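**Student:** Got a structure here, written out as structure tokens. Questions coming.
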Amino acid sequence: RSPPRRRTPAERRRLSDVGRTDRHRRRGPAARDFLVGHLRAGGAGIIDNKIMLFSSRYNSGGATFQDMQRYESTDGLTGETFGAGSSMAVTETVYNFYGRVTETYTPGEFVVPQFENDGTNYQINLWHRNLAGTWTKENVCTGTTEKYVEGAICRTGGNSWIMLLRSEANNGLYLTYSTDDRATWSTPAATRLGNTGRANADMCLDPEGNLIVI
């Protein structure tokens with residue numbers, strides 16, 4: 001009789017993921033909060049040794065957005081349990097987070113990009129978390145023509161930032177930048193990136209200071 005076949009590393013990872021999902025399903029009301037509606041995209045990052053998830057909830061049956069929330073892990077960086085969602089206020093009917101949580105030039109402060117619109121009026125915002133742990137919304141740009149939505153952000157040094165924005169009206173990505181640590185932003189301008197269709201992006205600086213765009 002031949003010995004049983006040993007599982008491959010990939011098979012073991014899949015089984016581990018299934019077990020982890022089952023554990024999440026068995027947890028209490030805070031975990032079940034994730035299952036009310038359907039989470040759409042969002043952002044994630046580590047702040048104060050907690051995993052923070054940012055997302056909107058979407059009711060696919062009624063085709064309506066329910067709310068936009070922030071979830072914080074209650075077990076540090078393990079990420080198996082999360083508290084109930086904390087509401088992040090919006091003014092429009094379509095909204096979501098997009099992109100990475102990024103530390104600002106002030107250590108311990110963070111921003112995460114967010115967009116919202118009603119089909120006519122469009123906003124690109126940053127949710128800013130200060131040292132006291134308070135989250136406030138900063139507007140980057142508004143408009144009705146180019147219809148900017150998902151925005152990727154990158155800190156480029158010297159109190160400067162750049163964002164690449166997707167447009168629902170035109171092909172390609174649009175660029176806006178700030179040279180005063182987000183106090184003001186330039187009018188978004190078209191780039192040659194992704195100009196053969198609608199495109200999303202993410203970006204970062206490599207160790208040599210080169211900008212890498214995906």
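For the structure tokens, the naming scheme is as follows: chains receive sequential letters (A, B, ...) according to their order of presentation, residues are indexed from 1 within each chain, and ligands are indexed from 1 in presentation order.
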List every residue of segment 162-190 of chain A that has an atom at most 7 Å from any atom of segment 194-199 of chain A, and for each one report the closest atom pair and its distance in Å to one decimal, counting only C-alpha atoms, with rows sorted by chain and then by increasing residue number, as JSON lines.
**Tutor:**
```
{"residue": "A:Arg166", "atom": "CA", "partner": "A:Ala199", "partner_atom": "CA", "distance": 6.0}
{"residue": "A:Asn171", "atom": "CA", "partner": "A:Gly197", "partner_atom": "CA", "distance": 4.7}
{"residue": "A:Gly172", "atom": "CA", "partner": "A:Asn195", "partner_atom": "CA", "distance": 3.7}
{"residue": "A:Leu173", "atom": "CA", "partner": "A:Gly194", "partner_atom": "CA", "distance": 6.1}
```
**Student:** At a cut-off of 8 Å, using only C-alpha atoms, what residues contact segment 142-155 of chain A? Leave out same-chain residues fewer than 6 positions from it and give the result as a ChimeraX atom specification.
**Tutor:** /A:97-100,102,104,113-116,120-124,161-170,200-205
**Student:** Residues within 6 Å of Pro188 of chain A, please, as a list in words. Count only C-alpha atoms; anything in the same chain fewer than 2 positions from it doesn't count.
**Tutor:**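 The residues satisfying every condition are Tyr174, Leu175 and Thr176 of chain A.
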**Student:** Asp75 of chain A: which residues within 12 Å, counting only C-alpha atoms, same-chain residues fewer than 4 positions away excluded, as a list in words?
**Tutor:**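 Once the nearby chain positions are removed, what remains is Asp48, Asn49, Lys50, Ile51, Met52, Gly79, Glu80, Thr81, Phe82 and Gly83 of chain A.
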**Student:** Just how far from atom CA of Thr134 of chain A is atom CA of Ser186 of chain A, in Å to one decimal?
**Tutor:**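 Taking atom CA of Ser186 of chain A and atom CA of Thr134 of chain A, their separation equals 26.3 Å.
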**Student:** Any chance you could list, as a ChimeraX atom specification, the residues in segment 105-206 of chain A that come up strand (DSSP E or B) when DSSP is run on the backbone?
**Tutor:** /A:110-117,122-129,135-143,148-157,160-167,173-178,189-190,203-205
**Student:** Go ahead and write the selection's residues with N, CA and C atoms as a short mmCIF file (atom, residue, chain, number, x, y, z; two decimals), in the first residue's frame.
**Tutor:**
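Saved to out_22.cif:
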```
data_model
loop_
_atom_site.label_atom_id
_atom_site.label_comp_id
_atom_site.auth_asym_id
_atom_site.auth_seq_id
_atom_site.Cartn_x
_atom_site.Cartn_y
_atom_site.Cartn_z
N PHE A 110 -2.23 60.09 8.60
CA PHE A 110 -2.43 59.28 7.40
C PHE A 110 -3.54 59.86 6.55
N VAL A 111 -3.51 59.52 5.25
CA VAL A 111 -4.60 59.87 4.33
C VAL A 111 -4.95 58.63 3.51
N VAL A 112 -6.22 58.58 3.09
CA VAL A 112 -6.68 57.54 2.18
C VAL A 112 -7.61 58.20 1.16
N PRO A 113 -7.42 57.94 -0.15
CA PRO A 113 -8.25 58.58 -1.18
C PRO A 113 -9.68 58.04 -1.18
N GLN A 114 -10.61 58.91 -1.60
CA GLN A 114 -12.02 58.55 -1.67
C GLN A 114 -12.67 59.39 -2.75
N PHE A 115 -13.65 58.83 -3.44
CA PHE A 115 -14.40 59.60 -4.43
C PHE A 115 -15.89 59.44 -4.16
N GLU A 116 -16.67 60.40 -4.65
CA GLU A 116 -18.12 60.31 -4.56
C GLU A 116 -18.76 61.19 -5.62
N ASN A 117 -19.95 60.80 -6.06
CA ASN A 117 -20.66 61.57 -7.07
C ASN A 117 -22.14 61.19 -7.07
N TYR A 122 -19.08 65.55 -9.19
CA TYR A 122 -18.03 64.59 -8.85
C TYR A 122 -17.04 65.21 -7.88
N GLN A 123 -16.61 64.42 -6.89
CA GLN A 123 -15.62 64.87 -5.91
C GLN A 123 -14.49 63.84 -5.80
N ILE A 124 -13.26 64.36 -5.66
CA ILE A 124 -12.12 63.55 -5.23
C ILE A 124 -11.71 64.10 -3.87
N ASN A 125 -11.64 63.22 -2.88
CA ASN A 125 -11.32 63.64 -1.52
C ASN A 125 -10.20 62.79 -0.93
N LEU A 126 -9.64 63.30 0.15
CA LEU A 126 -8.74 62.53 1.00
C LEU A 126 -9.32 62.52 2.40
N TRP A 127 -9.42 61.35 3.00
CA TRP A 127 -9.75 61.28 4.41
C TRP A 127 -8.45 61.31 5.20
N HIS A 128 -8.35 62.30 6.08
CA HIS A 128 -7.12 62.56 6.82
C HIS A 128 -7.30 62.18 8.28
N ARG A 129 -6.37 61.42 8.80
CA ARG A 129 -6.41 61.02 10.21
C ARG A 129 -5.28 61.75 10.93
N TRP A 135 -10.72 61.59 12.11
CA TRP A 135 -10.74 61.53 10.65
C TRP A 135 -11.57 62.69 10.11
N THR A 136 -11.01 63.44 9.15
CA THR A 136 -11.74 64.52 8.49
C THR A 136 -11.53 64.40 6.99
N LYS A 137 -12.49 64.93 6.23
CA LYS A 137 -12.44 64.83 4.77
C LYS A 137 -11.88 66.10 4.17
N GLU A 138 -10.85 65.96 3.33
CA GLU A 138 -10.24 67.07 2.61
C GLU A 138 -10.60 66.95 1.13
N ASN A 139 -11.08 68.01 0.52
CA ASN A 139 -11.41 67.97 -0.89
C ASN A 139 -10.19 68.25 -1.75
N VAL A 140 -9.99 67.45 -2.77
CA VAL A 140 -8.90 67.65 -3.74
C VAL A 140 -9.43 68.40 -4.95
N CYS A 141 -10.54 67.94 -5.52
CA CYS A 141 -11.13 68.64 -6.66
C CYS A 141 -12.59 68.23 -6.80
N THR A 142 -13.36 69.09 -7.47
CA THR A 142 -14.76 68.82 -7.79
C THR A 142 -14.99 69.19 -9.24
N GLY A 143 -16.06 68.69 -9.81
CA GLY A 143 -16.36 69.04 -11.20
C GLY A 143 -17.53 68.27 -11.73
N TYR A 148 -14.19 62.74 -12.52
CA TYR A 148 -13.09 62.00 -11.91
C TYR A 148 -13.60 61.04 -10.84
N VAL A 149 -13.02 59.85 -10.84
CA VAL A 149 -13.39 58.87 -9.83
C VAL A 149 -12.12 58.35 -9.13
N GLU A 150 -11.79 57.06 -9.27
CA GLU A 150 -10.70 56.49 -8.48
C GLU A 150 -9.40 57.29 -8.63
N GLY A 151 -8.78 57.60 -7.49
CA GLY A 151 -7.54 58.36 -7.50
C GLY A 151 -6.44 57.67 -6.72
N ALA A 152 -5.29 57.47 -7.35
CA ALA A 152 -4.11 56.91 -6.67
C ALA A 152 -3.24 58.05 -6.19
N ILE A 153 -2.66 57.91 -5.00
CA ILE A 153 -1.90 59.00 -4.41
C ILE A 153 -0.48 58.55 -4.10
N CYS A 154 0.45 59.50 -4.16
CA CYS A 154 1.84 59.21 -3.82
C CYS A 154 2.49 60.45 -3.23
N ARG A 155 3.24 60.26 -2.17
CA ARG A 155 4.03 61.33 -1.54
C ARG A 155 5.37 61.36 -2.24
N THR A 156 5.77 62.52 -2.77
CA THR A 156 6.96 62.58 -3.62
C THR A 156 8.12 63.38 -3.01
N GLY A 157 7.98 63.86 -1.78
CA GLY A 157 9.07 64.58 -1.13
C GLY A 157 8.88 66.08 -1.14
N SER A 160 5.41 67.62 -1.22
CA SER A 160 4.67 67.48 -2.47
C SER A 160 3.97 66.13 -2.56
N TRP A 161 2.84 66.14 -3.27
CA TRP A 161 2.03 64.95 -3.51
C TRP A 161 1.58 64.96 -4.96
N ILE A 162 1.30 63.77 -5.50
CA ILE A 162 0.65 63.69 -6.80
C ILE A 162 -0.48 62.67 -6.71
N MET A 163 -1.50 62.88 -7.54
CA MET A 163 -2.59 61.92 -7.66
C MET A 163 -2.87 61.67 -9.13
N LEU A 164 -3.12 60.41 -9.48
CA LEU A 164 -3.59 60.03 -10.81
C LEU A 164 -5.05 59.64 -10.70
N LEU A 165 -5.89 60.24 -11.54
CA LEU A 165 -7.33 60.07 -11.45
C LEU A 165 -7.88 59.40 -12.70
N ARG A 166 -8.86 58.52 -12.49
CA ARG A 166 -9.59 57.96 -13.62
C ARG A 166 -10.74 58.88 -13.97
N SER A 167 -11.05 58.98 -15.25
CA SER A 167 -12.18 59.79 -15.70
C SER A 167 -13.26 58.87 -16.26
N LEU A 173 -5.55 58.71 -17.94
CA LEU A 173 -5.46 59.17 -16.56
C LEU A 173 -5.18 60.66 -16.49
N TYR A 174 -5.66 61.31 -15.44
CA TYR A 174 -5.44 62.73 -15.23
C TYR A 174 -4.56 62.91 -13.99
N LEU A 175 -3.70 63.94 -14.03
CA LEU A 175 -2.75 64.19 -12.96
C LEU A 175 -3.09 65.50 -12.24
N THR A 176 -3.09 65.45 -10.92
CA THR A 176 -3.15 66.65 -10.10
C THR A 176 -2.04 66.57 -9.07
N TYR A 177 -1.51 67.73 -8.66
CA TYR A 177 -0.39 67.71 -7.72
C TYR A 177 -0.55 68.83 -6.69
N SER A 178 0.11 68.62 -5.56
CA SER A 178 0.15 69.61 -4.49
C SER A 178 1.61 69.82 -4.09
N ALA A 189 -4.88 67.55 -15.11
CA ALA A 189 -4.51 67.64 -16.52
C ALA A 189 -4.35 66.24 -17.10
N ALA A 190 -4.72 66.09 -18.36
CA ALA A 190 -4.62 64.79 -19.01
C ALA A 190 -3.16 64.36 -19.15
N MET A 203 0.62 53.69 -7.64
CA MET A 203 1.99 54.15 -7.86
C MET A 203 2.73 54.23 -6.54
N CYS A 204 4.06 54.28 -6.65
CA CYS A 204 4.92 54.40 -5.48
C CYS A 204 6.29 54.88 -5.95
N LEU A 205 7.12 55.27 -5.00
CA LEU A 205 8.51 55.61 -5.29
C LEU A 205 9.38 54.41 -4.96
#
```
**Student:** Let's see if you can do this: from backbone DSSP, list all helix (DSSP H, G or I) residues in segment 31-159 of chain A, as a list in words.
**Tutor:**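 Filtering segment 31-159 of chain A down to helix (DSSP H, G or I) leaves Ala31, Arg32, Asp33, Phe34 and Leu35 of chain A.
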**Student:** Can those selected residues be exported to a file as an mmCIF file, in the first residue's frame so that it contains N, CA and C atoms?
**Tutor:**
```cif
data_model
loop_
_atom_site.group_PDB
_atom_site.id
_atom_site.type_symbol
_atom_site.label_atom_id
_atom_site.label_comp_id
_atom_site.auth_asym_id
_atom_site.auth_seq_id
_atom_site.Cartn_x
_atom_site.Cartn_y
_atom_site.Cartn_z
ATOM 1 N N ALA A 31 -18.153 40.752 13.196
ATOM 2 C CA ALA A 31 -17.716 40.130 11.950
ATOM 3 C C ALA A 31 -18.863 40.050 10.957
ATOM 4 N N ARG A 32 -20.080 39.774 11.444
ATOM 5 C CA ARG A 32 -21.213 39.663 10.532
ATOM 6 C C ARG A 32 -21.547 40.997 9.883
ATOM 7 N N ASP A 33 -21.099 42.082 10.475
ATOM 8 C CA ASP A 33 -21.329 43.397 9.889
ATOM 9 C C ASP A 33 -20.780 43.464 8.470
ATOM 10 N N PHE A 34 -19.687 42.719 8.192
ATOM 11 C CA PHE A 34 -19.113 42.707 6.857
ATOM 12 C C PHE A 34 -20.079 42.097 5.848
ATOM 13 N N LEU A 35 -20.973 41.233 6.302
ATOM 14 C CA LEU A 35 -21.800 40.467 5.385
ATOM 15 C C LEU A 35 -23.115 41.151 5.069
#
```
